[in-house]
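Asker: Please read through the structure below; I'll follow up with questions.
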Amino acid sequence: MRESLHLSTTAAVVAHTPVPQALHGLGGVGKTQLVTEFAWRFRGSYELVWWISADQPALVPAALAGLAADLNCAPASAVGIEEAAASVRRALQRGEPYSKWLLIFDNADEPEAIKDFLPDGGPGHVLITSRNIRWSAASESVAVDVFERNESIQFLRRRLERDMPHAEADALAQALGDLPLALEQAAALQLTTGLSTDEYLEALGEETRRLLALGKATEYPHSMTAAWQLSVQAIEERMPEAATVLRCLAFFGPEPIPRDLFRRGNKTQGAARIGPILSDPLLLSRAFGELNRFALLKVESAAGTVQVHRLIQALLRDSVDERERGEIRHEVHLLLAGGAPVDPEDTTRWAAFRELLPHFEPSGLADCAEADPRNFCITLVRFLYRVGDYRSARTFAEHLRDTWTAASGPESPDVLRIRRHLANVLWQLGDFDESRLLNAETLAMMQRVLGPDHEETLGAANSYGASLRALGDFAAAQKQDKESLAAFERVFGPTHPVTLRLLNNLALDHALLSDYFTARDLHKLAYLEMSGATHGVGKWDVQNAWNGLAQVLRLCGAYEEAVDLGEEVYAYGLRELTAEHPIVIKTAKDLSIARRGAGDITASLELAKETLSRLEKLFGRDNPDTMATAIALSNSLREAGNLDEAMALVKDTLPRYHTIYGPRHPFTYGCRADLALLHRLRGDPERAREENSEAYEGLLTRLGAEHEYTLMAAVNLASDYAALGDSHTARRLGEESLARLRGFFGKEHFLTTFGAVNLAIDLSDTGADEEAAALRTEIVNNLRRISRTSTPDMVRALKGERIDWDFDPLSL
């Protein structure tokens, strides 16, 4: 291995492509022990050695990100796991600050899942252990075989702590095929029970003949399988309770199992085998100790986990008949449900949820029809939703829906519940049409099966309001949410967590209808109540309501207050939820917009670029939040004077709005207004007028005349006409818009003032100097009443310069 790495690295200096070294072989052959020895023996040749358990590909980014501090990269707590992992990879490739490093990926059985995390170039070394020979195509590979016979003999003598005769050791190694794991267990069995080698070989022969008579296919020679069976039989005779625990563990996944699960599940009902052992902590501890002594279980005290080798698990599952297999599996379902955390809103329990996720599929939890395991399945989906892992949540939810529908029928309450949560996940992923159809069908079934005032029915009604917002029917969404809020208050009370979440949604409805001050008051109320809640409200909820308040402050024109509050909310999210949580990313997007409005263009650009990069990496470019952030970045680029890059970004994003929201959605028209503005600023006012005219007519039809989006398009359209030299049309549009602004927002509102600024210019251009002067006097008086006058638009207004309005889509 050392020579191969040296040769690869030398070649890599020329080709700039280091070749990873992959060790492949059977499970139990010693691949992990081999790389452990390599790292220990050659530790002096490296400045940095890092070990990554790769049997769970989803956890690889976090493990790689753990190197950030050592490589002087921004930590995951500041930039998120994915970005921190990417920074670590780049630093390793550059060889900064370390040029001699060793990266070990252990149990990487899925090459495609981790290939993007392997440093592509750089001066260091990469070692990979795997049972998958496909690594040979992407790396220098080393086949790790079983022990040579002399190695087996040396190992047995050392493990049994006696000068074992050569013939005796040779016979035992021969019988076990020289497989290290089998030799380890045979030695452990002899040490623990006092069994002689002759007695062991006789028992092994009998067990092997029995297995051969059964005719069962096996990945390993029957003698090895028999050896494992002998260890299980010995533990059965010595401590039956330990054997019961071991068989239970066989129905978990091969990943580490949290030891705490057994403590929390000590009151599990209906588990006749494991229940009495769980209720006696001393007995359970003894059982784990015995299994560890027999080398059937690995106990990691520091990590608080226990783990059974996947081969032993397979043997144990295969050693019982189908009926008993189902009974044991069911007890595992009950244990998972009884020992799992219950509240996915509680961020302190998220680590406990993550530890259980790898055991969902191997345990067959979805197949259980009992209430508690099914409730736990739904809780897992809710957890994945809360942490923002929408793709996994969708996979889990669709699997549960299909499995439960086949088992219990389409109108089973459990099926209806998981359908509701699936609709929510689809909505977050931007699959608005599928979400709306699923939710509408589910709501109708719930009203019939569960009743209109059932909690699940009310939750589906709430989700339906979100679907209406996604359709762009903001008035209908507000009506739906008002009705739902009245029902929630009647059933649960005004301060119940679910009521407060709906109150926050209603605040968003008001903001989407340009009723910003009502939205501010509702967001403020929701945030204060959530902040003071003692149960049922998670940090996700607090972050969402708090950011809603910061967002609507910006919409009210209080940019500097929005920045101050937004900075506080963003810091809270980074601290409590991490940088890659979707709600924290939304907060970053809104803070970027507030910074732009307050005049800090450099900071706005920096945060918008960082946020867009993170969203593209996590969700792709067709995600609604990614698209909204792209528009926000485009507006900041425009303010910075980078019109070409801003235009390219809008042109790339607008077709995505057509696809995701549809051509007649208010957000799509708003983005067209942004595009029109860029056309004018880049010297094509005619193209701007055409684009803006269509946007204005569309918004007028969808939202009516008295809405900020409609008025934005109208004000900008007047500027287009002015740029074309048609000051009279510009004046007419400006007069109509100012009348609407005064009627809707009031005479002294900042948006009304901005509309007046543009009209004053057009009045002067058409010879109405007295009217223009009177309007300018009104503008100055209004600006003096506004406490903050340092924002870019207010500075322009004081100078009498034309103000361009832009559009930023709200997060729905």
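Simple scheme: letters A, B, ... for chains in structure tokens order, numbers from 1 for residues in each chain, numbers from 1 for ligands in the order shown.
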Name all residues at most 9 Å from Ile114 of chain A (count only C-alpha atoms; drop same-chain ones fewer than 5 positions away) and give them as a list in words.

Answerer: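 Final neighbour list, sorted by chain and number: Ala54, Pro57, Val60, Pro61, Phe105 and Ala108 of chain A.
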
Asker: Would you export the selected residues with all heavy atoms as a PDB file, in the first residue's frame, please?

Answerer:
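Saved as selection.pdb:
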ATOM      1  N   ALA A  54     -17.740   5.916   5.904  1.00  0.00           N
ATOM      2  CA  ALA A  54     -18.493   6.203   4.679  1.00  0.00           C
ATOM      3  C   ALA A  54     -19.603   5.210   4.410  1.00  0.00           C
ATOM      4  O   ALA A  54     -20.151   5.183   3.311  1.00  0.00           O
ATOM      5  CB  ALA A  54     -17.530   6.238   3.488  1.00  0.00           C
ATOM      6  N   PRO A  57     -23.441   7.335   3.325  1.00  0.00           N
ATOM      7  CA  PRO A  57     -22.985   8.443   2.470  1.00  0.00           C
ATOM      8  C   PRO A  57     -23.526   9.804   2.881  1.00  0.00           C
ATOM      9  O   PRO A  57     -22.848  10.817   2.718  1.00  0.00           O
ATOM     10  CB  PRO A  57     -23.497   8.035   1.082  1.00  0.00           C
ATOM     11  CG  PRO A  57     -23.561   6.545   1.128  1.00  0.00           C
ATOM     12  CD  PRO A  57     -23.987   6.214   2.532  1.00  0.00           C
ATOM     13  N   VAL A  60     -21.155  11.672   5.148  1.00  0.00           N
ATOM     14  CA  VAL A  60     -19.791  11.981   4.703  1.00  0.00           C
ATOM     15  C   VAL A  60     -19.517  13.485   4.676  1.00  0.00           C
ATOM     16  O   VAL A  60     -18.459  13.933   5.129  1.00  0.00           O
ATOM     17  CB  VAL A  60     -19.522  11.332   3.332  1.00  0.00           C
ATOM     18  CG1 VAL A  60     -18.211  11.853   2.727  1.00  0.00           C
ATOM     19  CG2 VAL A  60     -19.463   9.812   3.481  1.00  0.00           C
ATOM     20  N   PRO A  61     -20.438  14.331   4.155  1.00  0.00           N
ATOM     21  CA  PRO A  61     -20.143  15.771   4.144  1.00  0.00           C
ATOM     22  C   PRO A  61     -19.847  16.322   5.531  1.00  0.00           C
ATOM     23  O   PRO A  61     -18.921  17.128   5.702  1.00  0.00           O
ATOM     24  CB  PRO A  61     -21.414  16.387   3.551  1.00  0.00           C
ATOM     25  CG  PRO A  61     -22.023  15.292   2.743  1.00  0.00           C
ATOM     26  CD  PRO A  61     -21.716  14.032   3.478  1.00  0.00           C
ATOM     27  N   PHE A 105     -11.462   6.852   3.804  1.00  0.00           N
ATOM     28  CA  PHE A 105     -12.903   6.620   3.694  1.00  0.00           C
ATOM     29  C   PHE A 105     -13.148   5.142   3.966  1.00  0.00           C
ATOM     30  O   PHE A 105     -12.793   4.280   3.149  1.00  0.00           O
ATOM     31  CB  PHE A 105     -13.417   6.985   2.303  1.00  0.00           C
ATOM     32  CG  PHE A 105     -13.380   8.466   1.995  1.00  0.00           C
ATOM     33  CD1 PHE A 105     -12.222   9.054   1.515  1.00  0.00           C
ATOM     34  CD2 PHE A 105     -14.502   9.265   2.196  1.00  0.00           C
ATOM     35  CE1 PHE A 105     -12.173  10.403   1.233  1.00  0.00           C
ATOM     36  CE2 PHE A 105     -14.465  10.619   1.919  1.00  0.00           C
ATOM     37  CZ  PHE A 105     -13.303  11.192   1.440  1.00  0.00           C
ATOM     38  N   ALA A 108     -16.739   2.358   2.197  1.00  0.00           N
ATOM     39  CA  ALA A 108     -17.355   3.124   1.108  1.00  0.00           C
ATOM     40  C   ALA A 108     -17.825   2.152   0.035  1.00  0.00           C
ATOM     41  O   ALA A 108     -17.154   1.942  -0.980  1.00  0.00           O
ATOM     42  CB  ALA A 108     -16.369   4.126   0.537  1.00  0.00           C
TER      43      ALA A 108
END

Asker: Do you know which residues are at most 9 Å from segment 446-460 of chain A counting only C-alpha atoms, after dropping those on the same chain fewer than 6 positions away, and could you put them as number ranges by chain?

Answerer: A: 411-413, 416-417, 420-421, 423, 439-440, 484, 487-488, 491-492, 498

Asker: Write out as a PyMOL selection string which residues come within 6 Å of Gly124 of chain A when counting only C-alpha atoms, dropping same-chain ones fewer than 2 positions away.

Answerer: chain A and resi 100-102+122

Asker: Which is closer to Trp427 of chain A than all the others in A:Leu485, A:Ala167, A:Ile660, A:Ile312, using only C-alpha atoms?

Answerer: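 Result for the nearest residue to Trp427 of chain A: A:Ile660.
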
Asker: Excluding segment 285-290 of chain A and residues on its chain fewer than 5 positions from it, collect all residues at most 12 Å away from it, counting only C-alpha atoms, and give them as a PDB file with N, CA and C atoms, in the first residue's frame.

Answerer:
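Result written to around01.pdb:
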ATOM      1  N   ALA A 188     -12.570 -16.086  20.778  1.00  0.00           N
ATOM      2  CA  ALA A 188     -13.359 -15.506  21.866  1.00  0.00           C
ATOM      3  C   ALA A 188     -14.223 -16.569  22.523  1.00  0.00           C
ATOM      4  N   LEU A 189     -14.798 -17.470  21.735  1.00  0.00           N
ATOM      5  CA  LEU A 189     -15.642 -18.526  22.271  1.00  0.00           C
ATOM      6  C   LEU A 189     -14.824 -19.473  23.160  1.00  0.00           C
ATOM      7  N   THR A 192     -13.824 -17.686  26.443  1.00  0.00           N
ATOM      8  CA  THR A 192     -14.936 -17.389  27.341  1.00  0.00           C
ATOM      9  C   THR A 192     -15.529 -18.643  27.950  1.00  0.00           C
ATOM     10  N   THR A 193     -15.560 -19.749  27.182  1.00  0.00           N
ATOM     11  CA  THR A 193     -16.240 -20.965  27.647  1.00  0.00           C
ATOM     12  C   THR A 193     -15.277 -22.055  28.109  1.00  0.00           C
ATOM     13  N   SER A 231     -21.030 -19.677  18.116  1.00  0.00           N
ATOM     14  CA  SER A 231     -20.915 -18.587  19.076  1.00  0.00           C
ATOM     15  C   SER A 231     -22.282 -18.174  19.590  1.00  0.00           C
ATOM     16  N   VAL A 232     -23.249 -18.162  18.701  1.00  0.00           N
ATOM     17  CA  VAL A 232     -24.612 -17.792  19.113  1.00  0.00           C
ATOM     18  C   VAL A 232     -25.172 -18.852  20.057  1.00  0.00           C
ATOM     19  N   ALA A 234     -23.483 -20.788  21.977  1.00  0.00           N
ATOM     20  CA  ALA A 234     -22.789 -20.698  23.263  1.00  0.00           C
ATOM     21  C   ALA A 234     -23.346 -19.564  24.115  1.00  0.00           C
ATOM     22  N   ILE A 235     -23.635 -18.452  23.489  1.00  0.00           N
ATOM     23  CA  ILE A 235     -24.191 -17.328  24.254  1.00  0.00           C
ATOM     24  C   ILE A 235     -25.597 -17.675  24.726  1.00  0.00           C
ATOM     25  N   GLU A 236     -26.308 -18.469  23.917  1.00  0.00           N
ATOM     26  CA  GLU A 236     -27.661 -18.905  24.310  1.00  0.00           C
ATOM     27  C   GLU A 236     -27.599 -19.744  25.581  1.00  0.00           C
ATOM     28  N   GLU A 237     -26.617 -20.652  25.653  1.00  0.00           N
ATOM     29  CA  GLU A 237     -26.485 -21.510  26.832  1.00  0.00           C
ATOM     30  C   GLU A 237     -25.977 -20.733  28.041  1.00  0.00           C
ATOM     31  N   ARG A 238     -25.066 -19.817  27.800  1.00  0.00           N
ATOM     32  CA  ARG A 238     -24.442 -19.084  28.896  1.00  0.00           C
ATOM     33  C   ARG A 238     -25.376 -18.007  29.457  1.00  0.00           C
ATOM     34  N   MET A 239     -26.048 -17.260  28.574  1.00  0.00           N
ATOM     35  CA  MET A 239     -26.949 -16.192  29.010  1.00  0.00           C
ATOM     36  C   MET A 239     -28.021 -16.003  27.940  1.00  0.00           C
ATOM     37  N   PRO A 240     -29.143 -16.689  28.072  1.00  0.00           N
ATOM     38  CA  PRO A 240     -30.200 -16.613  27.047  1.00  0.00           C
ATOM     39  C   PRO A 240     -30.654 -15.189  26.760  1.00  0.00           C
ATOM     40  N   GLU A 241     -30.644 -14.335  27.795  1.00  0.00           N
ATOM     41  CA  GLU A 241     -31.084 -12.961  27.594  1.00  0.00           C
ATOM     42  C   GLU A 241     -30.174 -12.226  26.602  1.00  0.00           C
ATOM     43  N   ALA A 242     -28.883 -12.548  26.651  1.00  0.00           N
ATOM     44  CA  ALA A 242     -27.951 -11.914  25.713  1.00  0.00           C
ATOM     45  C   ALA A 242     -28.241 -12.354  24.285  1.00  0.00           C
ATOM     46  N   ALA A 243     -28.579 -13.632  24.108  1.00  0.00           N
ATOM     47  CA  ALA A 243     -28.943 -14.131  22.780  1.00  0.00           C
ATOM     48  C   ALA A 243     -30.209 -13.453  22.274  1.00  0.00           C
ATOM     49  N   THR A 244     -31.151 -13.208  23.186  1.00  0.00           N
ATOM     50  CA  THR A 244     -32.382 -12.504  22.806  1.00  0.00           C
ATOM     51  C   THR A 244     -32.071 -11.090  22.330  1.00  0.00           C
ATOM     52  N   VAL A 245     -31.194 -10.404  23.067  1.00  0.00           N
ATOM     53  CA  VAL A 245     -30.791  -9.053  22.664  1.00  0.00           C
ATOM     54  C   VAL A 245     -30.104  -9.094  21.305  1.00  0.00           C
ATOM     55  N   LEU A 246     -29.232 -10.086  21.101  1.00  0.00           N
ATOM     56  CA  LEU A 246     -28.499 -10.178  19.848  1.00  0.00           C
ATOM     57  C   LEU A 246     -29.444 -10.387  18.667  1.00  0.00           C
ATOM     58  N   ARG A 247     -30.425 -11.256  18.835  1.00  0.00           N
ATOM     59  CA  ARG A 247     -31.376 -11.482  17.743  1.00  0.00           C
ATOM     60  C   ARG A 247     -32.187 -10.226  17.458  1.00  0.00           C
ATOM     61  N   LEU A 249     -31.019  -7.185  17.825  1.00  0.00           N
ATOM     62  CA  LEU A 249     -30.115  -6.266  17.136  1.00  0.00           C
ATOM     63  C   LEU A 249     -29.924  -6.645  15.672  1.00  0.00           C
ATOM     64  N   ARG A 259     -27.122   3.499  22.155  1.00  0.00           N
ATOM     65  CA  ARG A 259     -27.366   2.764  23.402  1.00  0.00           C
ATOM     66  C   ARG A 259     -28.529   3.369  24.181  1.00  0.00           C
ATOM     67  N   ASP A 260     -28.717   4.665  24.032  1.00  0.00           N
ATOM     68  CA  ASP A 260     -29.765   5.369  24.763  1.00  0.00           C
ATOM     69  C   ASP A 260     -31.158   4.912  24.337  1.00  0.00           C
ATOM     70  N   PHE A 262     -32.293   1.976  24.162  1.00  0.00           N
ATOM     71  CA  PHE A 262     -32.749   0.897  25.028  1.00  0.00           C
ATOM     72  C   PHE A 262     -33.162   1.440  26.405  1.00  0.00           C
ATOM     73  N   ARG A 263     -32.500   2.514  26.819  1.00  0.00           N
ATOM     74  CA  ARG A 263     -32.915   3.136  28.084  1.00  0.00           C
ATOM     75  C   ARG A 263     -34.262   3.821  27.930  1.00  0.00           C
ATOM     76  N   ILE A 274     -37.998  -8.961  24.385  1.00  0.00           N
ATOM     77  CA  ILE A 274     -37.021  -7.965  24.797  1.00  0.00           C
ATOM     78  C   ILE A 274     -37.504  -7.097  25.955  1.00  0.00           C
ATOM     79  N   ILE A 277     -36.111  -7.628  29.516  1.00  0.00           N
ATOM     80  CA  ILE A 277     -34.680  -7.294  29.593  1.00  0.00           C
ATOM     81  C   ILE A 277     -34.504  -5.778  29.628  1.00  0.00           C
ATOM     82  N   LEU A 278     -35.290  -5.071  28.839  1.00  0.00           N
ATOM     83  CA  LEU A 278     -35.209  -3.606  28.820  1.00  0.00           C
ATOM     84  C   LEU A 278     -35.577  -3.009  30.164  1.00  0.00           C
ATOM     85  N   SER A 279     -36.487  -3.653  30.860  1.00  0.00           N
ATOM     86  CA  SER A 279     -36.947  -3.116  32.144  1.00  0.00           C
ATOM     87  C   SER A 279     -35.952  -3.371  33.282  1.00  0.00           C
ATOM     88  N   ASP A 280     -34.897  -4.138  33.009  1.00  0.00           N
ATOM     89  CA  ASP A 280     -33.870  -4.420  34.015  1.00  0.00           C
ATOM     90  C   ASP A 280     -32.525  -3.923  33.487  1.00  0.00           C
ATOM     91  N   ALA A 295     -17.254 -11.442  21.034  1.00  0.00           N
ATOM     92  CA  ALA A 295     -16.947 -10.792  19.758  1.00  0.00           C
ATOM     93  C   ALA A 295     -18.144 -10.797  18.809  1.00  0.00           C
ATOM     94  N   LEU A 296     -19.341 -10.810  19.380  1.00  0.00           N
ATOM     95  CA  LEU A 296     -20.555 -10.759  18.579  1.00  0.00           C
ATOM     96  C   LEU A 296     -21.127  -9.336  18.500  1.00  0.00           C
ATOM     97  N   LEU A 297     -20.564  -8.454  19.286  1.00  0.00           N
ATOM     98  CA  LEU A 297     -21.089  -7.100  19.391  1.00  0.00           C
ATOM     99  C   LEU A 297     -19.917  -6.155  19.648  1.00  0.00           C
ATOM    100  N   LYS A 298     -19.951  -4.986  19.022  1.00  0.00           N
ATOM    101  CA  LYS A 298     -18.945  -3.971  19.295  1.00  0.00           C
ATOM    102  C   LYS A 298     -19.593  -2.859  20.112  1.00  0.00           C
ATOM    103  N   VAL A 299     -19.064  -2.632  21.282  1.00  0.00           N
ATOM    104  CA  VAL A 299     -19.565  -1.583  22.156  1.00  0.00           C
ATOM    105  C   VAL A 299     -18.622  -0.393  22.087  1.00  0.00           C
ATOM    106  N   GLU A 300     -19.152   0.762  21.685  1.00  0.00           N
ATOM    107  CA  GLU A 300     -18.373   1.998  21.656  1.00  0.00           C
ATOM    108  C   GLU A 300     -18.878   2.882  22.782  1.00  0.00           C
ATOM    109  N   SER A 301     -18.223   2.779  23.929  1.00  0.00           N
ATOM    110  CA  SER A 301     -18.698   3.504  25.113  1.00  0.00           C
ATOM    111  C   SER A 301     -18.642   5.009  24.920  1.00  0.00           C
ATOM    112  N   THR A 305     -22.781   3.840  21.558  1.00  0.00           N
ATOM    113  CA  THR A 305     -23.445   3.000  20.553  1.00  0.00           C
ATOM    114  C   THR A 305     -23.039   1.541  20.708  1.00  0.00           C
ATOM    115  N   VAL A 306     -23.850   0.675  20.128  1.00  0.00           N
ATOM    116  CA  VAL A 306     -23.515  -0.740  19.970  1.00  0.00           C
ATOM    117  C   VAL A 306     -23.699  -1.077  18.494  1.00  0.00           C
ATOM    118  N   GLN A 307     -22.968  -2.078  18.016  1.00  0.00           N
ATOM    119  CA  GLN A 307     -23.006  -2.386  16.592  1.00  0.00           C
ATOM    120  C   GLN A 307     -22.736  -3.871  16.381  1.00  0.00           C
ATOM    121  N   VAL A 308     -23.512  -4.471  15.476  1.00  0.00           N
ATOM    122  CA  VAL A 308     -23.335  -5.876  15.121  1.00  0.00           C
ATOM    123  C   VAL A 308     -22.912  -5.935  13.663  1.00  0.00           C
TER     124      VAL A 308
END
